[in-house]
>>> print(open('work.cif').read())   # mmCIF, C-alpha atoms
data_protein
loop_
_atom_site.label_atom_id
_atom_site.label_comp_id
_atom_site.auth_asym_id
_atom_site.auth_seq_id
_atom_site.Cartn_x
_atom_site.Cartn_y
_atom_site.Cartn_z
CA LEU A 1 21.52 321.83 -16.04
CA HIS A 2 20.68 324.73 -13.72
CA PRO A 3 17.51 326.56 -12.69
CA ARG A 4 16.45 329.78 -14.38
CA PRO A 5 17.55 332.70 -12.18
CA ALA A 6 15.35 335.43 -10.81
CA SER A 7 15.53 338.65 -12.80
CA GLY A 8 16.52 342.20 -11.88
CA ARG A 9 19.43 344.09 -10.37
CA PRO A 10 19.10 342.57 -6.87
CA ALA A 11 19.54 339.11 -8.40
CA ARG A 12 22.54 340.33 -10.39
CA LYS A 13 24.21 341.62 -7.23
CA CYS A 14 23.60 338.28 -5.54
CA PHE A 15 25.24 336.34 -8.35
CA GLN A 16 28.13 338.82 -8.56
CA GLU A 17 28.71 338.39 -4.84
CA ALA A 18 28.49 334.59 -5.18
CA VAL A 19 31.12 334.66 -7.94
CA ARG A 20 33.35 336.97 -5.87
CA ILE A 21 33.18 334.59 -2.89
CA GLU A 22 33.61 331.45 -4.99
CA PRO A 23 35.04 332.16 -8.50
CA THR A 24 34.66 328.49 -9.50
CA PHE A 25 30.90 328.54 -8.90
CA CYS A 26 29.92 327.89 -12.56
CA GLU A 27 26.15 328.05 -12.04
CA ALA A 28 26.35 331.52 -10.49
CA ARG A 29 28.56 332.76 -13.33
CA SER A 30 26.22 331.30 -15.93
CA ASN A 31 23.18 332.86 -14.26
CA LEU A 32 24.97 336.20 -14.13
CA GLY A 33 25.62 335.94 -17.87
CA ARG A 34 21.97 335.19 -18.50
CA LEU A 35 20.82 338.19 -16.44
CA LEU A 36 23.20 340.48 -18.33
CA ALA A 37 21.93 339.14 -21.67
CA GLU A 38 18.29 339.58 -20.64
CA ALA A 39 19.13 343.19 -19.68
CA GLY A 40 20.48 343.74 -23.21
CA GLU A 41 24.11 343.94 -22.07
CA LEU A 42 25.26 341.42 -24.65
CA GLU A 43 28.96 342.29 -24.71
CA GLU A 44 29.22 341.95 -20.92
CA ALA A 45 27.28 338.68 -21.04
CA GLU A 46 29.50 337.34 -23.82
CA GLU A 47 32.60 338.14 -21.77
CA VAL A 48 31.19 336.23 -18.78
CA TYR A 49 30.34 333.16 -20.89
CA LEU A 50 33.61 333.14 -22.85
CA LYS A 51 35.67 333.20 -19.67
CA LEU A 52 33.41 330.53 -18.18
CA ILE A 53 33.89 328.02 -21.03
CA GLU A 54 37.60 328.85 -21.30
CA GLU A 55 38.05 327.72 -17.71
CA ASN A 56 35.34 325.04 -17.83
CA PRO A 57 35.21 323.74 -21.44
CA GLN A 58 32.64 321.07 -20.59
CA PHE A 59 30.17 323.38 -18.85
CA ILE A 60 27.21 323.12 -21.26
CA PRO A 61 25.15 326.19 -20.20
CA GLY A 62 28.07 328.41 -21.22
CA TYR A 63 27.76 327.32 -24.85
CA LEU A 64 23.98 327.62 -24.73
CA GLY A 65 24.28 331.17 -23.37
CA LEU A 66 26.69 332.18 -26.15
CA GLY A 67 24.42 330.63 -28.77
CA ASN A 68 21.53 332.67 -27.42
CA ILE A 69 23.59 335.88 -27.45
CA PHE A 70 24.52 335.51 -31.12
CA PHE A 71 20.92 334.52 -31.93
CA GLU A 72 19.79 337.79 -30.33
CA ARG A 73 22.39 339.75 -32.32
CA ALA A 74 21.14 338.13 -35.52
CA SER A 75 17.57 339.08 -34.59
CA ARG A 76 18.66 342.70 -34.17
CA SER A 77 20.45 342.81 -37.53
CA PRO A 78 18.82 343.96 -40.80
CA VAL A 79 16.86 341.05 -42.27
CA GLY A 80 18.80 339.36 -45.06
CA SER A 81 22.06 341.14 -44.21
CA GLU A 82 25.51 339.56 -44.02
CA ASP A 83 25.63 340.45 -40.32
CA GLU A 84 22.44 338.48 -39.71
CA LYS A 85 23.82 335.44 -41.50
CA THR A 86 27.19 335.66 -39.70
CA TYR A 87 25.56 335.88 -36.28
CA PHE A 88 23.28 332.94 -37.02
CA GLU A 89 26.30 330.90 -38.10
CA GLN A 90 28.08 331.77 -34.85
CA SER A 91 24.96 330.88 -32.89
CA LYS A 92 24.81 327.53 -34.69
CA ASN A 93 28.44 326.83 -33.83
CA TYR A 94 27.91 327.41 -30.11
CA TYR A 95 24.77 325.25 -29.99
CA GLY A 96 26.81 322.59 -31.76
CA GLU A 97 29.53 322.94 -29.10
CA ALA A 98 26.90 322.35 -26.42
CA LEU A 99 25.81 319.13 -28.12
CA GLN A 100 29.43 318.05 -28.46
CA ALA A 101 30.03 318.63 -24.75
CA ILE A 102 27.06 316.40 -23.92
CA LYS A 103 28.49 313.73 -26.20
CA VAL A 104 32.00 313.97 -24.73
CA LEU A 105 30.66 313.76 -21.18
CA GLN A 106 28.57 310.75 -22.23
CA ILE A 107 25.54 312.13 -20.41
CA ASP A 108 22.38 310.05 -20.68
CA GLU A 109 19.86 312.17 -22.60
CA ARG A 110 17.16 311.32 -20.06
CA TYR A 111 18.95 313.34 -17.38
CA VAL A 112 19.23 316.52 -19.48
CA ALA A 113 16.10 316.11 -21.60
CA LYS A 114 14.69 319.62 -21.03
CA ASP A 115 17.99 321.39 -21.66
CA LEU A 116 18.80 319.22 -24.66
CA ALA A 117 15.33 319.95 -26.05
CA THR A 118 16.04 323.68 -25.69
CA ILE A 119 19.42 323.40 -27.43
CA LEU A 120 18.02 321.34 -30.32
CA GLY A 121 14.99 323.61 -30.64
CA ASN A 122 17.18 326.70 -30.88
CA LEU A 123 19.52 324.95 -33.29
CA GLY A 124 16.56 323.89 -35.43
CA VAL A 125 15.36 327.49 -35.69
CA VAL A 126 18.84 328.64 -36.74
CA GLU A 127 19.19 325.86 -39.33
CA SER A 128 15.78 326.81 -40.74
CA VAL A 129 16.79 330.46 -41.12
CA LEU A 130 20.05 329.40 -42.79
CA GLY A 131 18.09 327.24 -45.25
CA ASN A 132 19.21 323.85 -43.95
CA ILE A 133 15.72 322.37 -44.00
CA ALA A 134 16.50 318.67 -43.41
CA ASP A 135 18.73 319.42 -40.42
CA ALA A 136 16.22 321.92 -39.04
CA GLU A 137 13.36 319.42 -39.12
CA LYS A 138 15.50 316.68 -37.57
CA HIS A 139 16.51 318.90 -34.65
CA LEU A 140 13.02 320.30 -34.11
CA LEU A 141 11.38 316.86 -34.12
CA LYS A 142 13.90 315.51 -31.63
CA SER A 143 13.38 318.60 -29.47
CA VAL A 144 9.66 317.80 -29.30
CA ALA A 145 10.31 314.11 -28.63
CA LEU A 146 12.67 314.88 -25.74
CA ASP A 147 10.22 317.13 -23.92
CA ALA A 148 6.69 316.66 -25.21
CA GLU A 149 5.25 318.82 -22.41
CA GLN A 150 7.34 321.91 -23.19
CA THR A 151 5.62 324.56 -25.35
CA SER A 152 8.59 326.19 -27.11
CA PRO A 153 9.62 323.12 -29.19
CA ARG A 154 6.02 322.76 -30.41
CA TYR A 155 5.81 326.45 -31.27
CA ASN A 156 9.14 326.42 -33.12
CA LEU A 157 8.12 323.33 -35.10
CA GLY A 158 4.78 324.95 -35.96
CA LEU A 159 6.45 328.07 -37.35
CA PHE A 160 8.89 325.87 -39.27
CA TYR A 161 6.01 324.06 -40.98
CA GLN A 162 4.34 327.41 -41.64
CA ARG A 163 7.42 328.63 -43.55
CA LEU A 164 7.33 325.47 -45.65
CA GLY A 165 3.64 325.89 -46.45
CA ARG A 166 2.78 322.68 -44.56
CA PHE A 167 -0.20 324.28 -42.86
CA GLU A 168 -1.95 321.16 -41.54
CA GLU A 169 1.17 320.19 -39.61
CA ALA A 170 1.64 323.76 -38.41
CA VAL A 171 -1.92 323.76 -37.03
CA ILE A 172 -1.31 320.55 -35.07
CA GLU A 173 1.86 321.88 -33.42
CA LEU A 174 0.44 325.31 -32.56
CA GLU A 175 -2.76 323.77 -31.17
CA THR A 176 -0.66 321.48 -29.00
CA ALA A 177 1.49 324.39 -27.76
CA ILE A 178 -1.66 326.24 -26.69
CA LYS A 179 -3.11 323.15 -24.97
CA LEU A 180 0.15 322.86 -23.04
CA GLY A 181 -0.27 326.42 -21.76
CA ARG A 182 1.26 328.77 -24.36
CA LYS A 183 -1.56 331.30 -24.70
CA ASP A 184 0.27 334.51 -25.68
CA GLU A 185 -1.16 336.75 -28.39
CA MET A 186 1.44 335.88 -31.06
CA THR A 187 0.91 332.13 -30.74
CA ARG A 188 -2.86 332.48 -31.05
CA MET A 189 -2.41 334.95 -33.93
CA ASN A 190 -0.25 332.47 -35.81
CA LEU A 191 -2.76 329.69 -35.17
CA GLY A 192 -5.60 331.81 -36.54
CA GLY A 193 -3.58 332.49 -39.68
CA MET A 194 -2.74 328.80 -40.04
CA TYR A 195 -6.41 327.81 -39.79
CA ILE A 196 -7.17 330.14 -42.72
CA ALA A 197 -4.20 328.93 -44.78
CA SER A 198 -5.13 325.31 -44.07
CA TYR A 199 -8.72 325.96 -45.14
CA ILE A 200 -7.61 327.54 -48.41
CA ALA A 201 -5.36 324.54 -49.09
CA SER A 202 -7.73 321.76 -47.99
CA LYS A 203 -11.21 323.36 -47.69
CA LYS A 204 -11.74 322.05 -44.16
CA SER A 205 -14.72 324.15 -43.08
CA ASP A 206 -14.13 323.56 -39.37
CA HIS A 207 -10.82 325.39 -39.69
CA LEU A 208 -12.63 328.55 -40.77
CA LYS A 209 -14.89 328.31 -37.75
CA LYS A 210 -11.88 327.87 -35.47
CA ALA A 211 -10.08 330.78 -37.16
CA GLU A 212 -13.08 333.02 -36.53
CA GLU A 213 -13.22 332.07 -32.84
CA VAL A 214 -9.51 332.68 -32.29
CA CYS A 215 -9.32 335.94 -34.25
CA ALA A 216 -12.55 337.41 -32.86
CA ALA A 217 -11.28 336.87 -29.33
CA LEU A 218 -7.97 338.56 -30.18
CA VAL A 219 -9.69 341.55 -31.83
CA SER A 220 -11.87 341.91 -28.75
CA GLU A 221 -8.73 342.05 -26.62
CA SER A 222 -6.42 344.21 -28.72
CA GLY A 223 -8.47 345.93 -31.46
CA CYS A 224 -5.92 347.02 -34.07
CA SER A 225 -3.84 343.93 -34.79
CA LEU A 226 -3.11 341.33 -37.45
CA ALA A 227 -5.97 339.33 -35.94
CA LEU A 228 -8.40 341.89 -37.38
CA GLU A 229 -7.04 341.27 -40.86
CA ASN A 230 -7.38 337.51 -40.37
CA LEU A 231 -10.91 337.88 -39.00
CA CYS A 232 -11.93 339.90 -42.04
CA SER A 233 -10.41 337.22 -44.28
CA VAL A 234 -12.75 334.70 -42.64
CA TYR A 235 -15.73 337.00 -43.26
CA TYR A 236 -14.77 337.44 -46.91
CA LEU A 237 -14.25 333.71 -47.43
CA THR A 238 -17.69 333.03 -45.93
CA LYS A 239 -19.42 335.83 -47.92
CA ARG A 240 -20.20 337.89 -44.83
CA ASN A 241 -18.52 341.02 -46.12
CA ASP A 242 -20.67 343.45 -44.12
CA LEU A 243 -19.32 341.95 -40.88
CA ALA A 244 -15.79 342.76 -42.08
CA LYS A 245 -16.83 346.35 -42.83
CA ASP A 246 -18.41 346.72 -39.40
CA ALA A 247 -15.36 345.28 -37.62
CA CYS A 248 -12.97 347.62 -39.46
CA GLU A 249 -15.06 350.73 -38.89
CA LYS A 250 -15.37 349.89 -35.20
CA VAL A 251 -11.58 349.70 -34.84
CA LEU A 252 -11.01 352.82 -36.98
CA ALA A 253 -13.35 354.80 -34.75
CA LYS A 254 -10.81 354.29 -31.94
CA SER A 255 -7.62 354.01 -34.03
CA PRO A 256 -8.00 356.07 -37.27
CA ASP A 257 -4.52 355.09 -38.51
CA CYS A 258 -4.87 351.34 -37.91
CA GLU A 259 -3.15 349.83 -40.94
CA PHE A 260 -4.84 346.44 -40.53
CA ALA A 261 -8.31 348.01 -40.53
CA LEU A 262 -7.59 350.27 -43.51
CA GLY A 263 -6.21 347.39 -45.55
CA ALA A 264 -9.12 345.06 -44.78
CA LEU A 265 -11.66 347.83 -45.45
CA ALA A 266 -10.02 348.53 -48.81
CA MET A 267 -10.57 344.86 -49.65
CA TYR A 268 -14.25 345.24 -48.72
CA TYR A 269 -14.75 348.05 -51.22
CA GLU A 270 -12.75 346.23 -53.89
CA LEU A 271 -14.99 343.17 -53.52
CA ALA A 272 -18.04 345.45 -53.62
CA GLY A 273 -16.89 346.82 -56.98
CA ASN A 274 -16.02 350.25 -55.61
CA ALA A 275 -12.48 350.49 -56.96
CA ALA A 276 -12.30 354.23 -56.33
CA LYS A 277 -12.98 353.87 -52.60
CA ALA A 278 -10.56 350.94 -52.34
CA SER A 279 -7.87 353.02 -54.06
CA GLU A 280 -8.58 355.96 -51.75
CA LEU A 281 -8.11 353.81 -48.65
CA ARG A 282 -4.90 352.25 -49.99
CA THR A 283 -3.56 355.72 -50.81
CA ARG A 284 -4.33 356.76 -47.24
CA LEU A 285 -2.63 353.62 -45.99
CA LEU A 286 0.49 354.21 -48.08
CA ALA A 287 0.67 357.79 -46.76
CA ILE A 288 0.89 356.30 -43.25
CA ASN A 289 3.33 353.58 -44.28
CA PRO A 290 4.73 353.57 -47.85
CA ASP A 291 5.98 350.00 -47.33
CA ASN A 292 2.69 348.59 -46.04
CA PHE A 293 2.46 345.05 -47.38
CA ASP A 294 -1.33 344.86 -47.77
CA ALA A 295 -1.66 348.19 -49.60
CA ASN A 296 1.17 347.36 -52.00
CA TYR A 297 -0.05 343.81 -52.51
CA GLY A 298 -3.62 344.95 -53.16
CA LEU A 299 -2.39 347.57 -55.63
CA ALA A 300 -0.19 344.99 -57.36
CA VAL A 301 -3.02 342.44 -57.64
CA SER A 302 -5.23 345.07 -59.30
CA HIS A 303 -2.53 345.72 -61.89
CA PHE A 304 -1.86 341.99 -62.25
CA LYS A 305 -5.52 341.14 -62.97
CA ALA A 306 -5.57 343.86 -65.62
CA ALA A 307 -2.37 342.41 -67.17
CA ARG A 308 -0.46 345.62 -66.39
CA TRP A 309 2.73 343.72 -65.64
CA THR A 310 5.15 346.66 -65.50
CA ASP A 311 2.80 348.59 -63.17
CA ALA A 312 2.52 345.61 -60.82
CA ILE A 313 6.28 345.20 -60.48
CA PRO A 314 7.14 348.22 -58.21
CA PRO A 315 4.60 347.44 -55.45
CA LEU A 316 5.52 343.73 -55.60
CA ILE A 317 9.18 344.62 -55.14
CA LYS A 318 8.16 346.39 -51.94
CA CYS A 319 6.23 343.30 -50.84
CA THR A 320 9.26 341.07 -51.34
CA LYS A 321 11.96 343.20 -49.77
CA PRO A 322 13.56 341.66 -46.66
CA SER A 323 11.48 342.05 -43.51
CA LEU A 324 10.29 340.12 -40.47
CA LEU A 325 6.81 339.78 -41.99
CA ASN A 326 5.56 336.22 -41.72
CA THR A 327 2.29 336.33 -43.66
CA ASN A 328 1.27 333.49 -45.95
CA LEU A 329 1.01 336.01 -48.81
CA VAL A 330 4.78 336.58 -48.92
CA PRO A 331 5.42 333.51 -51.18
CA ASN A 332 2.46 334.62 -53.35
CA ALA A 333 4.10 338.02 -53.79
CA TYR A 334 7.31 336.37 -55.02
CA VAL A 335 5.32 334.20 -57.44
CA ARG A 336 3.36 337.16 -58.85
CA LEU A 337 6.53 339.23 -59.23
CA ALA A 338 8.27 336.38 -61.05
CA ARG A 339 5.30 335.98 -63.39
CA CYS A 340 5.26 339.72 -64.10
CA TYR A 341 8.89 339.51 -65.18
CA LYS A 342 8.11 336.38 -67.22
CA TYR A 343 5.21 338.09 -69.03
CA ALA A 344 7.37 341.18 -69.51
CA LYS A 345 9.88 338.93 -71.34
CA GLU A 346 12.51 339.04 -68.60
CA PRO A 347 12.87 335.34 -67.66
CA ALA A 348 16.25 335.78 -65.96
CA LYS A 349 14.74 338.21 -63.47
CA ALA A 350 11.83 335.81 -62.92
CA PHE A 351 14.23 333.05 -61.87
CA GLU A 352 16.17 335.49 -59.69
CA VAL A 353 12.97 336.46 -57.84
CA ILE A 354 11.98 332.85 -57.12
CA GLU A 355 15.51 332.06 -55.93
CA GLY A 356 15.22 335.01 -53.54
CA GLY A 357 11.87 333.72 -52.33
CA LEU A 358 13.31 330.28 -51.62
CA LYS A 359 16.16 331.82 -49.64
CA ARG A 360 13.60 333.62 -47.51
CA CYS A 361 11.15 330.71 -47.32
CA PRO A 362 13.33 327.60 -47.87
CA GLY A 363 11.42 324.56 -49.06
CA ASN A 364 8.13 326.46 -49.54
CA GLN A 365 5.89 324.29 -51.73
CA LEU A 366 4.36 327.15 -53.74
CA LEU A 367 7.77 328.56 -54.66
CA THR A 368 9.19 325.12 -55.45
CA ILE A 369 6.32 324.45 -57.86
CA GLU A 370 6.89 327.82 -59.52
CA VAL A 371 10.55 327.00 -60.13
CA ASP A 372 9.45 323.87 -62.04
CA ARG A 373 6.95 325.91 -64.07
CA LEU A 374 9.55 328.48 -65.01
CA ALA A 375 11.96 325.71 -65.98
CA GLU A 376 9.33 324.22 -68.33
CA VAL A 377 8.85 327.60 -70.01
#
>>> encode(input="work.cif", output="structure tokens")
Amino acid sequence: LHPRPASGRPARKCFQEAVRIEPTFCEARSNLGRLLAEAGELEEAEEVYLKLIEENPQFIPGYLGLGNIFFERASRSPVGSEDEKTYFEQSKNYYGEALQAIKVLQIDERYVAKDLATILGNLGVVESVLGNIADAEKHLLKSVALDAEQTSPRYNLGLFYQRLGRFEEAVIELETAIKLGRKDEMTRMNLGGMYIASYIASKKSDHLKKAEEVCAALVSESGCSLALENLCSVYYLTKRNDLAKDACEKVLAKSPDCEFALGALAMYYELAGNAAKASELRTRLLAINPDNFDANYGLAVSHFKAARWTDAIPPLIKCTKPSLLNTNLVPNAYVRLARCYKYAKEPAKAFEVIEGGLKRCPGNQLLTIEVDRLAEV
């Protein structure tokens, strides 16, 4: 539809001058809006796009730009808030307007394949967040089909499958995104986590080996990161616990407050039967971050295994409060919390917890199975 503009203030001045000279130059106005949005000036960008589509209602990039602005606003809103939901709904509406404009103009999809793939990919992400799983998958799959060489559709589809607990499919999409050139830290981090989750679900040993390779490389690059936690998980699953201890201590020597290292080291001592040392590390971790997921989850699991249901509930509530955390243990936390309420003779709260989990992770297989179990009880 139009090329991506150069960034920075000089580029902005160029587009502003182009618009001044020729106010009907839609591409310049659209690029100006995009530059403003990328600079965080969302209100100014929205004004540019709204005026653009008011005067040119069939100019597709205007709707795409507005959809992206409201998506960004949703991303900045508190997770699970009404504002977040409202902004996602507005984003969905504008992406839908873009698709409608393509339909009205009767444009052959082949001529706008890349842009249509972007619109459908973004729309698929929004539908997923809003819990519209069937529509999300339909849009994401078509996004991939339209532009099989683009990395973002593959990445979005991989994260979608991750949320559903369909780890094998998530691995395939993330691997493909990396092969196509998407090699950023977050993509590789997610792939490492998916290898581990896939191994736990299917016991494919080669996935553990791949997880170790990916996570070890990331730890070597960045030290204190989620990759360290994933690497230690591989060591624990393969009974090489001392390697996990060494990796954590190496990172802590440089970053004493590294939450990932403290959490993984606490697991080492718990597995070694040294509950006191594990508790000491988790206490230290909670002093750094009272809401740390791993510390609260580890504490809750200890209570859970000892059938101390009421003691396990407070840390599990912290684990399930709205956040951007995307670990595979989030659905497990909802399940454990629901079971604690069930064992504590509060079945209504158990159902409420699972419903909350399904709103956060729509279609997740583990949570769906738990709903059926609770219904049987």
>>> atom_distance(input="work.cif", atom1="CA of Ile69 in chain A", atom2="CA of Leu42 in chain A")
6.4 Å
>>> atom_distance(input="work.cif", atom1="CA of Tyr199 in chain A", atom2="CA of Leu237 in chain A")
9.8 Å
>>> atom_distance(input="work.cif", atom1="CA of Ala312 in chain A", atom2="CA of Ala333 in chain A")
10.5 Å
>>> resolve_selection(input="work.cif", expression="the PyMOL selection byres ((chain A and resi 126-138) around 8)", output="VMD selection string")
chain A and resid 71 85 88 to 89 91 to 92 122 to 125 139 to 142 157 160 359 to 360 362 to 363
>>> closest_residue(input="work.cif", among="A:Tyr343, A:Tyr63, A:Tyr94, A:Phe260", to="Ile288 in chain A", atoms="all atoms listed in the file")
A:Phe260
>>> residues_near_point(input="work.cif", point="(6.8, 343.7, -50.3)", cutoff="8 Å", atoms="all atoms listed in the file", output="CSV table (one decimal) with C-alpha atoms, in the frame of the given file")
chain,number,residue,atom,x,y,z
A,291,ASP,CA,6.0,350.0,-47.3
A,292,ASN,CA,2.7,348.6,-46.0
A,293,PHE,CA,2.5,345.0,-47.4
A,296,ASN,CA,1.2,347.4,-52.0
A,297,TYR,CA,0.0,343.8,-52.5
A,315,PRO,CA,4.6,347.4,-55.4
A,316,LEU,CA,5.5,343.7,-55.6
A,317,ILE,CA,9.2,344.6,-55.1
A,318,LYS,CA,8.2,346.4,-51.9
A,319,CYS,CA,6.2,343.3,-50.8
A,320,THR,CA,9.3,341.1,-51.3
A,321,LYS,CA,12.0,343.2,-49.8
A,322,PRO,CA,13.6,341.7,-46.7
A,330,VAL,CA,4.8,336.6,-48.9
A,333,ALA,CA,4.1,338.0,-53.8
>>> closest_residue(input="work.cif", among="A:Glu169, A:Glu43, A:Glu109, A:Glu370", to="Leu191 in chain A", atoms="only C-alpha atoms")
A:Glu169
>>> resolve_selection(input="work.cif", expression="the PyMOL selection byres ((chain A and resi 334) around 7)", output="ChimeraX atom specification")
/A:320,330-333,335-338,353-354,357
>>> residues_around(input="work.cif", residues="Val112 in chain A", least_positions_apart="5", cutoff="12 Å", atoms="all atoms listed in the file", output="ChimeraX atom specification")
/A:1-2,60-61,98-99,102-103,105-107,117-120,143,146-147
>>> axis_aligned_box(input="work.cif", around="range 49-56 of chain A", padding_each_side="4 Å", output="lines of an AutoDock Vina configuration file")
center_x = 34.2
center_y = 329.1
center_z = -20.3
size_x = 15.7
size_y = 16.2
size_z = 13.1
>>> closest_residue(input="work.cif", among="A:Glu72, A:Glu270, A:Glu213, A:Glu41", to="Arg188 in chain A", atoms="only C-alpha atoms")
A:Glu213
>>> resolve_selection(input="work.cif", expression="the PyMOL selection byres ((chain A and resi 197) around 12)", output="ChimeraX atom specification")
/A:161-163,165-171,190-196,198-205,207-208,211,230,233-234,237,327-329
